[in-house]
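Text of the file final-v4.cif, holding mmCIF, C-alpha atoms:
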```
data_model
loop_
_atom_site.label_atom_id
_atom_site.label_comp_id
_atom_site.auth_asym_id
_atom_site.auth_seq_id
_atom_site.Cartn_x
_atom_site.Cartn_y
_atom_site.Cartn_z
CA MET C 1 -21.24 -4.94 3.97
CA THR C 2 -22.31 -1.85 5.80
CA LEU C 3 -20.14 0.96 7.01
CA ASN C 4 -20.47 2.41 10.46
CA LYS C 5 -20.76 6.19 10.94
CA PHE C 6 -17.09 6.53 11.88
CA SER C 7 -15.98 4.84 8.64
CA ILE C 8 -18.25 7.00 6.50
CA LEU C 9 -16.97 10.14 8.23
CA SER C 10 -13.37 9.00 7.70
CA ILE C 11 -13.95 8.34 4.00
CA LEU C 12 -15.66 11.69 3.48
CA SER C 13 -12.84 13.49 5.31
CA VAL C 14 -10.23 11.89 3.06
CA ILE C 15 -12.19 12.73 -0.10
CA ILE C 16 -12.75 16.34 0.99
CA PHE C 17 -9.06 16.66 1.89
CA ILE C 18 -8.02 15.32 -1.52
CA LEU C 19 -10.37 17.54 -3.45
CA THR C 20 -9.60 20.72 -1.53
CA ASN C 21 -5.84 20.28 -1.23
CA CYS C 22 -4.45 19.75 -4.69
CA SER C 23 -0.87 19.73 -3.53
CA ILE C 24 0.79 18.27 -0.48
CA PRO C 25 4.38 19.39 0.17
CA VAL C 26 6.61 16.62 1.42
CA ALA C 27 10.00 17.43 2.97
CA THR C 28 12.81 14.93 3.20
CA GLY C 29 16.07 16.44 4.49
CA VAL C 30 17.01 19.29 2.20
CA ALA C 31 14.89 18.10 -0.69
CA VAL C 32 11.31 19.19 -1.08
CA LYS C 33 9.09 17.65 -3.66
CA GLY C 34 5.56 18.81 -4.45
CA VAL C 35 3.26 15.84 -4.67
CA THR C 36 -0.13 16.28 -6.24
CA VAL C 37 -3.02 13.92 -6.71
CA SER C 38 -3.40 15.26 -10.24
CA ASN C 39 0.16 14.04 -11.01
CA SER C 40 -0.78 10.49 -10.14
CA ASP C 41 -1.37 8.12 -13.03
CA ARG C 42 -4.61 7.11 -11.34
CA SER C 43 -7.62 9.31 -11.95
CA ILE C 44 -9.22 11.03 -8.96
CA GLY C 45 -12.06 8.51 -9.30
CA GLU C 46 -9.66 5.54 -9.22
CA PHE C 47 -7.83 7.05 -6.25
CA VAL C 48 -11.09 7.52 -4.32
CA ASP C 49 -12.24 4.00 -5.26
CA ASP C 50 -8.97 2.57 -3.93
CA VAL C 51 -9.31 4.53 -0.67
CA LEU C 52 -12.89 3.28 -0.28
CA ILE C 53 -11.88 -0.34 -0.92
CA LYS C 54 -9.08 -0.11 1.65
CA THR C 55 -11.36 1.53 4.23
CA VAL C 56 -14.20 -0.97 3.75
CA LEU C 57 -11.76 -3.90 3.88
CA LYS C 58 -10.04 -2.71 7.08
CA ASN C 59 -13.48 -2.08 8.60
CA SER C 60 -14.51 -5.65 7.67
CA TYR C 61 -11.35 -7.04 9.25
CA PHE C 62 -12.09 -5.05 12.40
CA ASP C 63 -15.65 -6.39 12.53
CA GLN C 64 -14.77 -10.03 11.80
CA SER C 65 -11.32 -10.76 13.20
CA GLU C 66 -9.10 -8.76 15.54
CA LYS C 67 -6.10 -10.90 14.65
CA ILE C 68 -6.47 -10.13 10.95
CA PHE C 69 -7.17 -6.44 11.57
CA PHE C 70 -4.02 -5.92 13.63
CA ASN C 71 -1.68 -8.20 11.65
CA VAL C 72 -2.61 -7.69 8.00
CA ASP C 73 -1.67 -4.59 6.02
CA VAL C 74 -3.71 -3.57 2.98
CA GLU C 75 -2.59 -1.60 -0.08
CA VAL C 76 -4.89 -0.97 -3.05
CA SER C 77 -4.02 0.14 -6.59
CA GLN C 78 -6.68 0.22 -9.32
CA GLY C 79 -8.82 -2.31 -7.49
CA ARG C 80 -5.88 -4.68 -6.96
CA VAL C 81 -5.57 -5.50 -3.26
CA LEU C 82 -2.18 -6.46 -1.81
CA LEU C 83 -2.31 -8.18 1.58
CA THR C 84 0.91 -8.35 3.61
CA GLY C 85 1.82 -9.00 7.22
CA THR C 86 2.06 -12.08 9.39
CA VAL C 87 -0.56 -14.32 10.98
CA ASP C 88 -0.38 -17.36 13.26
CA ASN C 89 -1.93 -19.95 10.95
CA ILE C 90 -3.13 -20.78 7.44
CA ASP C 91 -6.81 -20.38 8.41
CA LEU C 92 -6.32 -16.67 9.15
CA ARG C 93 -4.46 -16.22 5.86
CA ILE C 94 -7.34 -17.83 3.95
CA GLU C 95 -9.96 -15.85 5.90
CA ALA C 96 -8.19 -12.55 5.11
CA THR C 97 -8.35 -13.39 1.41
CA ARG C 98 -12.00 -14.45 1.59
CA ILE C 99 -13.02 -11.21 3.29
CA ALA C 100 -11.06 -9.15 0.73
CA TRP C 101 -12.88 -10.80 -2.17
CA GLY C 102 -16.18 -9.80 -0.56
CA VAL C 103 -15.48 -6.06 -0.90
CA LYS C 104 -17.20 -4.34 -3.82
CA GLY C 105 -14.78 -3.07 -6.46
CA VAL C 106 -11.99 -5.57 -5.75
CA LYS C 107 -10.58 -6.91 -9.04
CA THR C 108 -7.65 -8.97 -7.73
CA VAL C 109 -6.45 -10.11 -4.32
CA ILE C 110 -2.72 -10.69 -3.98
CA ASN C 111 -2.05 -12.62 -0.79
CA GLU C 112 1.52 -12.17 0.46
CA ILE C 113 0.62 -12.79 4.13
CA GLN C 114 3.31 -14.81 5.87
CA ILE C 115 2.66 -17.40 8.57
CA SER C 116 4.91 -16.77 11.56
CA GLN C 117 4.84 -17.42 15.28
CA SER C 118 7.88 -15.26 16.07
CA ASP C 119 7.06 -11.63 15.35
CA SER C 120 8.78 -9.02 17.45
CA ILE C 121 8.72 -5.26 17.80
CA PHE C 122 12.31 -5.24 16.49
CA ASN C 123 11.29 -6.95 13.24
CA PHE C 124 8.43 -4.48 12.86
CA ALA C 125 10.77 -1.52 13.48
CA ASP C 126 13.33 -2.83 10.94
CA ASP C 127 10.59 -3.27 8.34
CA LEU C 128 9.24 0.23 8.98
CA VAL C 129 12.71 1.74 8.51
CA ILE C 130 13.19 -0.18 5.25
CA SER C 131 9.80 0.94 3.89
CA THR C 132 10.56 4.56 4.80
CA LYS C 133 13.95 4.45 3.11
CA VAL C 134 12.55 2.87 -0.06
CA LEU C 135 9.79 5.47 -0.26
CA ALA C 136 12.31 8.28 0.32
CA LYS C 137 14.48 6.98 -2.54
CA LEU C 138 11.47 6.90 -4.85
CA MET C 139 10.43 10.42 -3.80
CA LEU C 140 13.89 11.86 -4.39
CA ASP C 141 14.23 10.41 -7.87
CA GLU C 142 12.99 12.91 -10.46
CA GLU C 143 12.28 10.16 -13.01
CA ILE C 144 9.85 8.33 -10.71
CA ASN C 145 6.36 9.47 -9.75
CA SER C 146 6.43 8.18 -6.17
CA LEU C 147 2.73 8.90 -5.71
CA ASN C 148 2.03 5.91 -7.95
CA TYR C 149 3.62 3.39 -5.58
CA ASN C 150 2.73 1.81 -2.23
CA ILE C 151 5.44 0.07 -0.24
CA GLU C 152 5.08 -2.62 2.44
CA THR C 153 7.92 -4.54 4.07
CA VAL C 154 7.51 -7.81 5.97
CA ASN C 155 10.52 -9.64 7.39
CA LYS C 156 12.86 -7.61 5.13
CA ILE C 157 10.92 -8.51 1.97
CA VAL C 158 9.77 -5.34 0.19
CA TYR C 159 6.45 -5.46 -1.67
CA ILE C 160 5.75 -2.71 -4.21
CA ILE C 161 2.33 -2.24 -5.80
CA GLY C 162 1.41 0.55 -8.15
CA ILE C 163 1.51 1.98 -11.65
CA SER C 164 4.61 2.77 -13.66
CA ARG C 165 4.72 5.09 -16.67
CA SER C 166 7.24 2.85 -18.46
CA SER C 167 9.17 -0.40 -18.11
CA ASP C 168 12.30 1.70 -17.42
CA GLU C 169 10.60 3.47 -14.51
CA LYS C 170 9.38 0.13 -13.16
CA GLN C 171 12.88 -1.34 -13.29
CA LYS C 172 14.40 1.75 -11.69
CA ALA C 173 11.90 1.61 -8.80
CA ILE C 174 12.77 -2.04 -8.19
CA GLU C 175 16.52 -1.35 -8.33
CA LEU C 176 16.23 1.60 -5.91
CA ALA C 177 14.38 -0.65 -3.46
CA LYS C 178 17.09 -3.33 -3.73
CA GLU C 179 19.76 -0.74 -2.86
CA VAL C 180 18.31 -0.09 0.62
CA PHE C 181 20.35 -1.69 3.38
CA GLY C 182 18.63 -4.69 4.94
CA VAL C 183 16.39 -5.55 1.97
CA GLU C 184 16.55 -9.29 1.29
CA GLU C 185 14.08 -9.43 -1.61
CA VAL C 186 11.85 -7.13 -3.67
CA VAL C 187 8.50 -8.45 -4.91
CA ASP C 188 6.75 -6.17 -7.36
CA TYR C 189 3.14 -5.91 -8.41
CA ILE C 190 3.71 -2.89 -10.61
CA THR C 191 1.66 -2.51 -13.77
CA ILE C 192 2.86 -0.38 -16.65
CA LYS C 193 0.39 2.39 -17.54
CA SER C 194 0.31 1.51 -21.25
CA GLU C 195 -0.78 -2.03 -20.28
#
```
Whole structure, structure tokens version:
Amino acid sequence: MTLNKFSILSILSVIIFILTNCSIPVATGVAVKGVTVSNSDRSIGEFVDDVLIKTVLKNSYFDQSEKIFFNVDVEVSQGRVLLTGTVDNIDLRIEATRIAWGVKGVKTVINEIQISQSDSIFNFADDLVISTKVLAKLMLDEEINSLNYNIETVNKIVYIIGISRSSDEKQKAIELAKEVFGVEEVVDYITIKSE
């Protein structure tokens, strides 16, 4: 699969940003937490590989299917691709998976795409609020390296993919997500670093 000039420029911009800005301050209310790429349990190389996989996959979705591009969210952690979102039919769900497997560097494709005919802007807004609250809880907890986790919410189901430093940290991240108002279920694809 080839990348167009815009995609290559986007990838290079992200890589340059990462390499030149070692720390990114993130403010949430009165709490400020310094987040650094070097604090992630992924190496810089793994982080860049994951960004490239996500960019190439979204570019492929754009080229091959507008419905998949606009309705499927992609998160990548150590070559593991998590697909979430909603599509109209099973064929689109299967096609999204097929395209993901065609991207170089993909080790696993986790398909959590739901089939639904009744999406609304209100559902999307509720899911966005839930994801933001879960991420904020992870960021504010000193025992959790929030940079290691990606959060997606679809129809009040929270999906977490990432790397945990211990089974205790993994369990705490899951419990914090369950505490957020509106969450109906938490599905985790968290690996423990020692594994």
For this session: Name the residues, using the chain letters and numbers of the file, that sit within 9 Å of (7.4, -9.0, 3.0) when counting all atoms listed in the file, and give them as a list of chain:residue names.
Result: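 It turns out the residues near that spot are C:Thr84, C:Gly85, C:Thr86, C:Glu112, C:Ile113, C:Gln114, C:Asp127, C:Glu152, C:Thr153, C:Val154, C:Asn155, C:Lys156, C:Ile157, C:Val158, C:Tyr159, C:Glu185, C:Val186, C:Val187.
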Exercise. Contacts of C:Val76 at 12 Å or less, counting all atoms listed in the file, minus same-chain residues fewer than 5 places along, as a PyMOL selection string?
Worked result: chain C and resi 42+46-58+81-84+100+103+105-110+148-152+160-163+189-190
Seminar exercise, completed: Here atom CA of C:Ile130 and atom CA of C:Ser146 stand apart by 15.7 Å
Exercise. Quick one, how far is atom CA of C:Ala173 from atom CA of C:Asp41?
Worked result: 15.4 Å
Exercise. Between atom CA of C:Ile99 and atom CA of C:Ile121, what is the spacing in Å?
Worked result: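 Atom-to-atom, atom CA of C:Ile121 and atom CA of C:Ile99 are spaced 26.8 Å apart.
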Seminar exercise, completed: Counting all atoms listed in the file, the residue among C:Ile68, C:Leu176, C:Gly79, C:Ile144 that lies closest to C:Arg98 is C:Ile68
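Of the listed residues (C:Arg80, C:Lys170, C:Arg93, C:Lys178), C:Arg93 comes nearest to C:Lys67; the distances count only C-alpha atoms.
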Exercise. So which one's closest to C:Ile94, C:Ser166, C:Gln78, C:Asn111, C:Thr191? Using all atoms listed in the file, please.
Worked result: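 Closest to C:Ile94, using all atoms listed in the file: C:Asn111.
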Seminar exercise, completed: In terms of only C-alpha atoms, the residue from C:Gln117, C:Ala177, C:Trp101, C:Gln64 at minimal distance from C:Leu138 is C:Ala177
Exercise. Given the choices C:Ile192, C:Asn89, C:Gly182, C:Leu147, which gets closest to C:Ser167 if the distance is worked out from only C-alpha atoms?
Worked result: C:Ile192
